[in-house]
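Containing PDB, C-alpha atoms: target.pdb.
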```
MODEL        1
ATOM      1  CA  MET A1334     114.603-214.018 -90.415
ATOM      2  CA  GLU A1335     118.077-213.283 -89.139
ATOM      3  CA  PHE A1336     120.037-216.548 -89.603
ATOM      4  CA  VAL A1337     118.077-218.328 -92.348
ATOM      5  CA  ARG A1338     117.169-216.856 -95.730
ATOM      6  CA  VAL A1339     114.828-218.181 -98.389
ATOM      7  CA  GLU A1340     115.556-217.216-101.966
ATOM      8  CA  VAL A1341     113.352-218.275-104.883
ATOM      9  CA  ALA A1342     114.440-218.253-108.533
ATOM     10  CA  ASP A1343     113.290-220.286-111.536
ATOM     11  CA  GLY A1344     111.120-222.619-109.458
ATOM     12  CA  VAL A1345     113.884-223.455-106.966
ATOM     13  CA  GLY A1346     113.748-222.331-103.364
ATOM     14  CA  THR A1347     117.103-222.074-101.616
ATOM     15  CA  ILE A1348     117.171-222.194 -97.832
ATOM     16  CA  ARG A1349     120.458-220.563 -96.817
ATOM     17  CA  LEU A1350     121.950-221.025 -93.373
ATOM     18  CA  ASP A1351     123.689-217.787 -92.490
ATOM     19  CA  ARG A1352     125.010-217.722 -88.943
ATOM     20  CA  PRO A1353     128.734-217.093 -89.216
ATOM     21  CA  LYS A1354     131.172-218.505 -88.508
ATOM     22  CA  MET A1355     130.085-222.155 -88.282
ATOM     23  CA  ASN A1356     126.272-222.058 -88.686
ATOM     24  CA  ALA A1357     125.814-223.453 -85.176
ATOM     25  CA  LEU A1358     122.157-224.370 -84.715
ATOM     26  CA  ASN A1359     120.922-222.262 -81.821
ATOM     27  CA  ALA A1360     117.234-222.145 -80.862
ATOM     28  CA  GLN A1361     116.539-219.060 -82.989
ATOM     29  CA  MET A1362     118.058-220.669 -86.065
ATOM     30  CA  GLN A1363     116.045-223.841 -85.460
ATOM     31  CA  ARG A1364     112.813-221.820 -85.276
ATOM     32  CA  GLU A1365     113.796-219.992 -88.456
ATOM     33  CA  LEU A1366     114.378-223.337 -90.213
ATOM     34  CA  ILE A1367     110.820-224.334 -89.299
ATOM     35  CA  GLU A1368     109.563-221.040 -90.746
ATOM     36  CA  ALA A1369     111.650-221.503 -93.919
ATOM     37  CA  ALA A1370     110.298-225.038 -94.392
ATOM     38  CA  ARG A1371     106.747-223.707 -94.137
ATOM     39  CA  GLU A1372     107.532-220.900 -96.555
ATOM     40  CA  VAL A1373     108.882-223.150 -99.331
ATOM     41  CA  THR A1374     106.088-225.677 -98.738
ATOM     42  CA  GLN A1375     103.376-223.055 -99.153
ATOM     43  CA  ASP A1376     104.994-221.233-102.082
ATOM     44  CA  GLU A1377     103.416-222.717-105.202
ATOM     45  CA  THR A1378     106.175-221.272-107.387
ATOM     46  CA  VAL A1379     108.745-223.474-105.599
ATOM     47  CA  HIS A1380     109.061-226.909-107.208
ATOM     48  CA  ALA A1381     112.346-228.008-105.596
ATOM     49  CA  VAL A1382     114.429-226.904-102.607
ATOM     50  CA  ILE A1383     118.153-226.602-101.935
ATOM     51  CA  LEU A1384     119.550-226.428 -98.385
ATOM     52  CA  TYR A1385     122.851-224.541 -98.422
ATOM     53  CA  GLY A1386     125.195-223.608 -95.614
ATOM     54  CA  GLY A1387     128.194-222.046 -97.301
ATOM     55  CA  GLU A1388     131.430-222.805 -99.073
ATOM     56  CA  LYS A1389     133.446-224.011 -96.083
ATOM     57  CA  VAL A1390     130.834-225.010 -93.504
ATOM     58  CA  PHE A1391     127.365-226.426 -94.048
ATOM     59  CA  ALA A1392     126.471-226.478 -90.335
ATOM     60  CA  ALA A1393     128.440-227.244 -87.206
ATOM     61  CA  GLY A1394     125.538-228.763 -85.287
ATOM     62  CA  ALA A1395     124.047-227.705 -81.990
ATOM     63  CA  ASP A1396     125.187-224.458 -80.407
ATOM     64  CA  ILE A1397     127.083-225.900 -77.442
ATOM     65  CA  LYS A1398     127.583-222.453 -75.880
ATOM     66  CA  GLU A1399     123.808-221.973 -75.759
ATOM     67  CA  MET A1400     123.260-225.462 -74.351
ATOM     68  CA  ALA A1401     125.903-225.047 -71.621
ATOM     69  CA  GLY A1402     123.646-222.699 -69.673
ATOM     70  CA  MET A1403     120.594-224.970 -69.770
ATOM     71  CA  SER A1404     119.367-227.171 -66.978
ATOM     72  CA  TYR A1405     118.463-230.819 -67.535
ATOM     73  CA  ALA A1406     114.777-229.885 -67.478
ATOM     74  CA  GLU A1407     115.303-227.233 -70.163
ATOM     75  CA  MET A1408     117.286-229.656 -72.335
ATOM     76  CA  ALA A1409     114.819-232.536 -71.928
ATOM     77  CA  GLY A1410     111.801-230.307 -72.383
ATOM     78  CA  GLY A1411     111.580-227.484 -74.850
ATOM     79  CA  HIS A1412     115.041-227.693 -76.392
ATOM     80  CA  SER A1413     114.898-231.357 -77.406
ATOM     81  CA  ARG A1414     111.371-230.824 -78.732
ATOM     82  CA  LEU A1415     112.603-227.921 -80.866
ATOM     83  CA  LEU A1416     115.404-230.114 -82.255
ATOM     84  CA  GLN A1417     112.811-232.690 -83.314
ATOM     85  CA  ASP A1418     110.424-230.070 -84.673
ATOM     86  CA  PHE A1419     112.891-228.413 -87.030
ATOM     87  CA  ALA A1420     114.113-231.771 -88.352
ATOM     88  CA  LYS A1421     110.528-232.918 -88.953
ATOM     89  CA  ALA A1422     109.704-229.620 -90.680
ATOM     90  CA  LEU A1423     112.621-229.998 -93.103
ATOM     91  CA  ALA A1424     111.967-233.694 -93.725
ATOM     92  CA  GLY A1425     108.273-232.924 -94.289
ATOM     93  CA  ILE A1426     108.782-230.520 -97.194
ATOM     94  CA  PRO A1427     106.630-232.177 -99.886
ATOM     95  CA  LYS A1428     108.987-231.253-102.725
ATOM     96  CA  PRO A1429     112.377-232.623-103.786
ATOM     97  CA  VAL A1430     115.010-231.304-101.373
ATOM     98  CA  ILE A1431     118.753-231.409-101.976
ATOM     99  CA  ALA A1432     121.397-230.559 -99.387
ATOM    100  CA  ALA A1433     124.300-228.731-101.043
ATOM    101  CA  VAL A1434     127.034-229.715 -98.602
ATOM    102  CA  THR A1435     130.328-228.032 -99.467
ATOM    103  CA  GLY A1436     132.027-228.132 -96.106
ATOM    104  CA  TYR A1437     131.687-229.457 -92.598
ATOM    105  CA  ALA A1438     128.339-230.996 -91.647
ATOM    106  CA  LEU A1439     128.786-231.980 -88.010
ATOM    107  CA  GLY A1440     126.297-233.465 -85.549
ATOM    108  CA  GLY A1441     122.980-231.695 -85.990
ATOM    109  CA  GLY A1442     124.340-230.149 -89.189
ATOM    110  CA  LEU A1443     124.547-233.642 -90.681
ATOM    111  CA  GLU A1444     120.965-234.246 -89.497
ATOM    112  CA  VAL A1445     119.905-231.113 -91.410
ATOM    113  CA  ALA A1446     121.616-232.462 -94.530
ATOM    114  CA  LEU A1447     119.958-235.869 -94.117
ATOM    115  CA  CYS A1448     116.498-234.338 -93.734
TER     116      CYS A1448
ENDMDL
END
```
Target encoding structure tokens, full file:
Amino acid sequence: MEFVRVEVADGVGTIRLDRPKMNALNAQMQRELIEAAREVTQDETVHAVILYGGEKVFAAGADIKEMAGMSYAEMAGGHSRLLQDFAKALAGIPKPVIAAVTGYALGGGLEVALC
């Protein structure tokens, strides 16, 4: 994965958002969050999960630059479905999950923290 990393140590899986500078949630990052949620769910050595964005920014929310080029049909179709899918994947992790928010958590970034 390019923008999301999963690290496991001592029974704790850390899902790290890593898309500088603001961790804007573009479509690729959203798909990677789904993959990370599956990974920590299936890993039997993971007993708890931490979502971490960084020291100054947790996540800025949706990538507005990416969305600007989309038509209404693209936004209402696949993109909005992807937004729901990644949030459901994070909320569905069947282990304790803690969001380590140490900076801005705006829009969809706050939704990630709440999941």
Item to check | Target residues per the PyMOL selection byres ((chain A and resi 1394-1409) around 10), formatted as a list in words | outcome: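 Applying the expression gives Met1355, Asn1356, Ala1357, Leu1358, Asn1359, Ala1360, Met1362, Gln1363, Phe1391, Ala1392, Ala1393, Gly1410, Gly1411, His1412, Ser1413, Arg1414, Leu1415, Leu1416, Tyr1437, Ala1438, Leu1439, Gly1440, Gly1441, Gly1442, Leu1443, Glu1444 and Val1445 of chain A.
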Next on the checklist: Going by the chain IDs and residue numbers used in this file, which residues fall under the PyMOL selection byres ((chain A and resi 1376) around 12)? Write them as number ranges by chain.
Outcome noted: A: 1339-1342, 1344-1346, 1369-1375, 1377-1382, 1426-1428
Item to check | Which of A:Met1334, A:Leu1350, A:Cys1448, A:Leu1384 sits closest to Phe1419 (chain A) [using only C-alpha atoms] | outcome: A:Cys1448
Item to check | Closest of A:Ile1348, A:Lys1354, A:Arg1338, A:Arg1364 to Ala1433 (chain A) - atom-to-atom distances counting only C-alpha atoms | outcome: A:Ile1348
Checklist entry - In Å, with one decimal, what is the gap from CA of Glu1388 (chain A) to CA of Ala1422 (chain A)? => result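 The value is 24.3 Å.
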Item to check | Point-to-point distance from CA of Gly1436 (chain A) to CA of Arg1352 (chain A), Å rounded to tenths | outcome: 14.5 Å
Next on the checklist: Just to confirm, what's the straight-line distance from CA of Val1337 (chain A) to CA of Pro1353 (chain A) in Å (one decimal)?
Outcome noted: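 Distance between the two atoms: 11.2 Å.
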Item to check | Counting all atoms listed in the file, the option among A:Gln1361, A:Pro1429, A:Ile1367, A:Arg1349 closest to Gln1417 (chain A) | outcome: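 Once distances to Gln1417 (chain A) are computed over all atoms listed in the file, the minimum belongs to A:Ile1367.
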Checklist entry - Restricting the calculation to all atoms listed in the file, which member of A:Tyr1385, A:Thr1435, A:Val1390, A:Ala1446 is positioned closest to Leu1423 (chain A)? => result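 Counting all atoms listed in the file, the residue closest to Leu1423 (chain A) is A:Ala1446.
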Box for region 1338-1342 of chain A: with edges along x, y and z, all listed atoms inside and 3 Å added on each side, what are the centre and edge lengths in Å to one decimal, as JSON?
```
{"center_x": 115.3, "center_y": -217.6, "center_z": -102.1, "size_x": 9.8, "size_y": 7.4, "size_z": 18.8}
```
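Each of A:Thr1347, A:Gly1386, A:Leu1366, A:Glu1335 was checked against Ala1424 (chain A) using all atoms listed in the file; the smallest atom-to-atom distance is that of A:Leu1366.
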